[in-house]
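Colleague: Provided herewith is a single structure, encoded as structure tokens, for subsequent inquiry.
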There are 2 protein chains.
Amino acid sequence: MSRLPSRAAPRRLHLNVNILHSGFVPSAWRLEEADPRAFVDVDHYVRVARLAEAGKLDAVFLADNAAIVDQIDFRPITALEPTVLLASIAAATTHIGVIGTASTSYNEPYNIARRFATLDHVSNGRAGWNVVTTADLPSARNFGSAAVPEHAQRYERAAEFTEVVKALWDSWEDDAFVGNKADGRFVDVAKVHPVAHRGRHFDVQGALNLPRPPQGHPVLVQAGASAHGRELAARHAEAVFSASQSFEESAAYRRDLNQRAAAYGRANVKVLAGLTTIIGATERDAQRRRDELVEQIPWNYSLNRLAGTLGIDVARLKLDARLPDDLPLPGGGNGNHTFFHATLAEARRHGHTVRELIRALAGGTGHRVIVGTPEQITDDIQHWFDGEAADGFNLMPDALPGGLRDFVDGVVPILQQRGIFRTEYDGTTLREHLGLARPVNPQRWRASA
Amino acid sequence: MSRLPSRAAPRRLHLNVNILHSGFVPSAWRLEEADPRAFVDVDHYVRVARLAEAGKLDAVFLADNAAIVDQIDFRPITALEPTVLLASIAAATTHIGVIGTASTSYNEPYNIARRFATLDHVSNGRAGWNVVTTADLPSARNFGSAAVPEHAQRYERAAEFTEVVKALWDSWEDDAFVGNKADGRFVDVAKVHPVAHRGRHFDVQGALNLPRPPQGHPVLVQAGASAHGRELAARHAEAVFSASQSFEESAAYRRDLNQRAAAYGRANVKVLAGLTTIIGATERDAQRRRDELVEQIPWNYSLNRLAGTLGIDVARLKLDARLPDDLPLPGGGNGNHTFFHATLAEARRHGHTVRELIRALAGGTGHRVIVGTPEQITDDIQHWFDGEAADGFNLMPDALPGGLRDFVDGVVPILQQRGIFRTEYDGTTLREHLGLARPVNPQRWRASA
């Protein structure tokens, strides 16, 4: 669907920021500067988005769940619904993209097509949809299911869902709207095409009830790591959030994804690697900040979470003992778990205690963490970018807004000096920021064929 | 659920405005001042909402459909999804309420509870949900149904849906959020209650994944005119949009609704009557404006729409002939049709032609139209308000923003002089504007019982 960009265009680094509540480290809400209510405070999110825009980032991103899926006694959760919150953010910003998560398992395609088309209209072309299938049980139980639908079935539904959404976005040709006051013609109905979809999961007959979004399609984002996830991304995604731990793993993932995409006649899928940053003026400052943040996470929270990720009884983990030798490596269907291996393997190799492992994970469960100075972080980013291990990063600052401020004030200027990151926005849409073409409407081809 | 207001409080007039695209007369987009693209332009909606706020109105309101249900060749349609658009509007205003429509037939309660709770959080307590069951076939066909679900079944689902949504809003006690940095306790999980609902239509187990909305519940609005609709309103609605044509009909509707509500131990349901205004400096100016607007509606649009409302073949309607004598009066399940009778009966009584009837309806299909000076419109509003035929009005100006500007500049100051409408907002939430109490959380009662 996307056209190849001109070969002469230089590669550009892309930076999104995941603006989940108070930041990625679970104790971020306890920092002196933090407001514990930030997770439901629209002003907090607007402040963070404006900071990201001041740093010329491509987009802000909101993850989502449709249930309480973490230990809320100890930490904030994904709470505010992304499309509504992102509309508030779009109203308070002018350039930065707004990417929201919505599940294909617990929604209807007509509603999702409309909401993201609306977000694209109200933001003047800055919307993106992060397509997820939602793998947790609490969400399933909020939508009438006693169990999570099986992995393959979730992805089959997701693929059909995404196709219907794209067809709905294309149901108005780009020039279907006329608005001719003189002759009273509002829309050229010959250019509005009912989608007439009858599939295995969905039956959707009409056209969307609003014109094609400014970007043609809001940017399609996905985060599939499993084989099914990669196929879905290859067919539909224009940007992918990966959680690769190592340069080699990320480079291999990027090659694999682009090969799969090429098989569908597609190209230019941006791979944005997840990256938690903990920044200090010196490396020691950064490490001290990391340790202080981790100390503020209740250890029983961290133990429960680690046990949950490992799929073992929490009683088997002793803080100051080494990891049990006979741990099953997590894996299987859920992509998130695969990113965990490197840190776990390293902890084992060095005979680290559970406490040391939790510290190395900075309280998280697997996205890569860099702890260092702005120079060190810039070097790492440039290494991955120049070596084509990634097209950019999905930043997950330790704390918000503080950790993002440190990035924008410290890292961005160095990236700009090195000429790999924009100093001004040169477009107005998220597609333009990401270097993605506006999809041609296939209705146009069909009509002229 | 709502507590009775203090008896000493004087009755207050409430004014909402339906901000549907270019205005209520289908040709409004053709006015010289109009931008035909307004229906998808967020700046247009923000301009209209700010004007309504300058006029101290209670709320802006967005109707909705989940399909193309009108003749888009001739006129704008409900296009942008309400909750996303209203979030944009809330970000650009400070006091005015934002009420959006969402269907109980084509959504899931968990998603709707979250979206409106989010809208309430991002607007700091200004959200309302207009509960509709969606009676049109094109919408059904966008959600896998070949036919519209039967009336009683739609309302049965709507009742259960609304109960689940309210239970989700109440799933966090008001003080469940703690946010104590010192001891690291974020939420008191003993005060978060899974809804554990297993009903005929829905199975929803968990708690909502965000704290109770600022208003407790976003304001619940409904527009039921049928017996099922009135029962749903009596059980759940805090404000009702009626489309009564006459003072007597509206007064009777209001009495009936409040009696039904009392049977559920409820009181203080606000009846807001639909009202299209066409305003001129003189009565003759206003009539000229009406006639010019109606002349700009293509006659075949008006004939098709009238035939559709009457449920007859359009060939039976001749513009300059009298109405056929043997017309079946429309009615039955769909409330909208009943509002049509008065105008139709009057046209018959006076032997009007079809053209004259269309003119009297101002191109609409049944909401009451007043054509006159600001004084005349004020008199009419005061008559209905003082006589308790309504607690206020849901304004549907002929054109937006022009018709609303005429109302705010012309009618509001007279209402204020007469002391029946606020000169300043004295609260910050939609509940405060409407004089509705914050619902007590039944979880609190259960816990202390």
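Within each chain, counting starts at residue 1; across the structure tokens, chains are named A, B, ... in the order shown, with ligands numbered 1 upward in that order.
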Given a cut-off of 6 Å, which residues of chain B touch chain A, counting only C-alpha atoms, written out as an NGL selection string?
Modeller: :B and (30 or 36 or 42 or 67-68 or 72-75 or 79-81 or 84 or 87-88 or 91 or 115 or 118 or 122 or 141-144 or 179 or 181 or 185-187 or 189 or 203-206 or 209-210)
Colleague: Within 6 Å of B:Phe241, counting only C-alpha atoms, which residues qualify if same-chain residues fewer than 5 places away don't, as an mmCIF file with C-alpha atoms, in the first residue's frame?
Modeller:
```
data_model
loop_
_atom_site.group_PDB
_atom_site.id
_atom_site.type_symbol
_atom_site.label_atom_id
_atom_site.label_comp_id
_atom_site.auth_asym_id
_atom_site.auth_seq_id
_atom_site.Cartn_x
_atom_site.Cartn_y
_atom_site.Cartn_z
ATOM 1 C CA ALA B 223 -34.584 10.508 24.902
ATOM 2 C CA LEU B 272 -35.265 19.386 28.082
ATOM 3 C CA ALA B 273 -37.503 19.935 25.077
#
```
Colleague: Please report, as a ChimeraX atom specification, each residue of stretch 345-382 of chain B to which DSSP assigns strand (DSSP E) when run on this structure's backbone.
Modeller: /B:368-372
Colleague: Atoms to include: all heavy atoms. Write the selected residues as a PDB file, in the first residue's frame.
Modeller:
```
ATOM      1  N   ARG B 368     -39.816  20.859  17.374  1.00  0.00           N
ATOM      2  CA  ARG B 368     -40.569  22.108  17.339  1.00  0.00           C
ATOM      3  C   ARG B 368     -39.683  23.229  16.807  1.00  0.00           C
ATOM      4  O   ARG B 368     -38.505  23.322  17.127  1.00  0.00           O
ATOM      5  CB  ARG B 368     -41.047  22.456  18.749  1.00  0.00           C
ATOM      6  CG  ARG B 368     -42.121  23.514  18.799  1.00  0.00           C
ATOM      7  CD  ARG B 368     -42.837  23.464  20.125  1.00  0.00           C
ATOM      8  NE  ARG B 368     -41.978  23.906  21.197  1.00  0.00           N
ATOM      9  CZ  ARG B 368     -42.019  25.123  21.743  1.00  0.00           C
ATOM     10  NH1 ARG B 368     -42.898  26.015  21.316  1.00  0.00           N
ATOM     11  NH2 ARG B 368     -41.212  25.442  22.718  1.00  0.00           N
ATOM     12  N   VAL B 369     -40.280  24.090  15.981  1.00  0.00           N
ATOM     13  CA  VAL B 369     -39.563  25.204  15.377  1.00  0.00           C
ATOM     14  C   VAL B 369     -40.235  26.500  15.829  1.00  0.00           C
ATOM     15  O   VAL B 369     -41.454  26.616  15.740  1.00  0.00           O
ATOM     16  CB  VAL B 369     -39.627  25.112  13.828  1.00  0.00           C
ATOM     17  CG1 VAL B 369     -38.857  26.268  13.198  1.00  0.00           C
ATOM     18  CG2 VAL B 369     -39.092  23.767  13.335  1.00  0.00           C
ATOM     19  N   ILE B 370     -39.463  27.442  16.343  1.00  0.00           N
ATOM     20  CA  ILE B 370     -40.010  28.780  16.567  1.00  0.00           C
ATOM     21  C   ILE B 370     -39.287  29.745  15.641  1.00  0.00           C
ATOM     22  O   ILE B 370     -38.054  29.746  15.584  1.00  0.00           O
ATOM     23  CB  ILE B 370     -39.826  29.334  17.988  1.00  0.00           C
ATOM     24  CG1 ILE B 370     -40.042  28.262  19.060  1.00  0.00           C
ATOM     25  CG2 ILE B 370     -40.813  30.485  18.223  1.00  0.00           C
ATOM     26  CD1 ILE B 370     -39.955  28.855  20.467  1.00  0.00           C
ATOM     27  N   VAL B 371     -40.082  30.517  14.936  1.00  0.00           N
ATOM     28  CA  VAL B 371     -39.559  31.504  14.008  1.00  0.00           C
ATOM     29  C   VAL B 371     -39.969  32.855  14.569  1.00  0.00           C
ATOM     30  O   VAL B 371     -41.168  33.143  14.682  1.00  0.00           O
ATOM     31  CB  VAL B 371     -40.178  31.302  12.604  1.00  0.00           C
ATOM     32  CG1 VAL B 371     -39.588  32.287  11.604  1.00  0.00           C
ATOM     33  CG2 VAL B 371     -39.984  29.854  12.141  1.00  0.00           C
ATOM     34  N   GLY B 372     -39.010  33.685  14.975  1.00  0.00           N
ATOM     35  CA  GLY B 372     -39.434  34.963  15.537  1.00  0.00           C
ATOM     36  C   GLY B 372     -38.288  35.811  16.053  1.00  0.00           C
ATOM     37  O   GLY B 372     -37.114  35.522  15.814  1.00  0.00           O
TER      38      GLY B 372
END
```
Colleague: Which polymer residues have any atom within 10 Å of an atom of A:Arg126, counting only C-alpha atoms, with same-chain residues fewer than 2 positions away left out, as a list in words?
Modeller: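 After dropping sequence-adjacent residues, the list is Asp58, Ala59, Ala90, Thr94, His95, Ile96, Gly97, Val98, Ile99, Leu119, Asp120, His121, Val122, Ser123, Asn124, Gly128, Pro214, Gln215, Pro218, Val219, Thr428, Thr429, Leu430, Arg431, Glu432 and His433 of chain A.
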Colleague: Give me, as a ChimeraX atom specification, all polymer residues having an atom no more than 10 Å from A:Arg235, counting only C-alpha atoms and skipping those fewer than 6 positions away in the same chain.
Modeller: /A:1,159,162-163,257,260-266
Colleague: Can you pull out the residues contacting A:Asp170? Cut-off 8 Å, using only C-alpha atoms, and skip same-chain residues under 5 positions away; I want them as a count of residues only.
Modeller: 6
Colleague: As a compact mmCIF listing (two decimals) with C-alpha atoms, in the first residue's frame, please: every residue in stretch 152-190 of chain B that DSSP puts in helix (DSSP H, G or I).
Modeller:
```txt
# COMPACT_ATOMS: atom_id res chain seq x y z
CA ALA B 152 -38.38 -4.42 23.43
CA GLN B 153 -35.18 -6.41 23.09
CA ARG B 154 -33.14 -3.28 22.36
CA TYR B 155 -34.51 -1.67 25.51
CA GLU B 156 -33.94 -4.75 27.62
CA ARG B 157 -30.31 -4.78 26.52
CA ALA B 158 -30.07 -1.02 27.10
CA ALA B 159 -31.34 -1.38 30.68
CA GLU B 160 -28.85 -4.11 31.54
CA PHE B 161 -26.08 -2.24 29.70
CA THR B 162 -26.75 0.93 31.72
CA GLU B 163 -26.80 -0.99 34.99
CA VAL B 164 -23.44 -2.56 34.24
CA VAL B 165 -21.95 0.80 33.27
CA LYS B 166 -23.15 2.37 36.52
CA ALA B 167 -21.79 -0.58 38.52
CA LEU B 168 -18.42 -0.15 36.79
CA TRP B 169 -18.36 3.57 37.62
CA VAL B 189 -7.57 -2.62 46.98
CA ALA B 190 -10.14 -3.43 49.66
```
Colleague: As a list of chain:residue names, please: the residues near B:Val240 (cut-off 8 Å, only C-alpha atoms, same-chain neighbours under 5 positions excluded).
Modeller: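 Skipping anything fewer than 5 positions along the chain leaves B:Val221, B:Gln222, B:Ala223, B:Gly224, B:Ala233, B:Val269, B:Lys270, B:Val271, B:Leu272.
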Colleague: Could you list, as a ChimeraX atom specification, every residue within 8 Å of stretch 402-409 of chain A, counting only C-alpha atoms and ignoring same-chain residues fewer than 4 positions away?
Modeller: /A:23,48,51-52,54-55,277-279,374,397-398,413
Colleague: Output N, CA and C atoms for every residue in the selection just made, as a CSV table (one decimal), in the first residue's frame.
Modeller:
```
chain,number,residue,atom,x,y,z
A,23,GLY,N,5.5,7.1,34.6
A,23,GLY,CA,6.8,6.6,34.0
A,23,GLY,C,6.9,5.1,34.2
A,48,VAL,N,3.5,16.4,29.5
A,48,VAL,CA,4.5,15.5,28.9
A,48,VAL,C,4.5,15.6,27.4
A,51,LEU,N,6.3,18.6,26.2
A,51,LEU,CA,7.7,18.4,26.4
A,51,LEU,C,8.3,17.6,25.2
A,52,ALA,N,7.6,16.5,24.9
A,52,ALA,CA,8.0,15.7,23.8
A,52,ALA,C,8.0,16.5,22.5
A,54,ALA,N,8.4,19.8,22.2
A,54,ALA,CA,9.6,20.7,22.3
A,54,ALA,C,10.8,19.9,21.9
A,55,GLY,N,10.9,18.6,22.2
A,55,GLY,CA,12.0,17.8,21.8
A,55,GLY,C,11.9,17.3,20.3
A,277,THR,N,15.1,4.7,29.6
A,277,THR,CA,16.3,5.5,29.9
A,277,THR,C,16.3,5.9,31.3
A,278,ILE,N,17.5,5.8,32.0
A,278,ILE,CA,17.7,6.4,33.3
A,278,ILE,C,19.0,7.2,33.2
A,279,ILE,N,18.8,8.5,33.2
A,279,ILE,CA,19.8,9.5,32.8
A,279,ILE,C,20.4,10.2,34.0
A,374,PRO,N,23.8,11.5,29.1
A,374,PRO,CA,23.3,11.8,27.8
A,374,PRO,C,24.2,11.3,26.6
A,397,PRO,N,10.7,6.5,29.4
A,397,PRO,CA,11.5,7.1,30.5
A,397,PRO,C,11.2,6.5,31.8
A,398,ASP,N,12.2,6.5,32.7
A,398,ASP,CA,12.0,6.0,34.0
A,398,ASP,C,10.9,6.7,34.8
A,413,PRO,N,19.7,17.3,22.0
A,413,PRO,CA,20.6,18.2,21.3
A,413,PRO,C,21.9,17.5,20.7
```
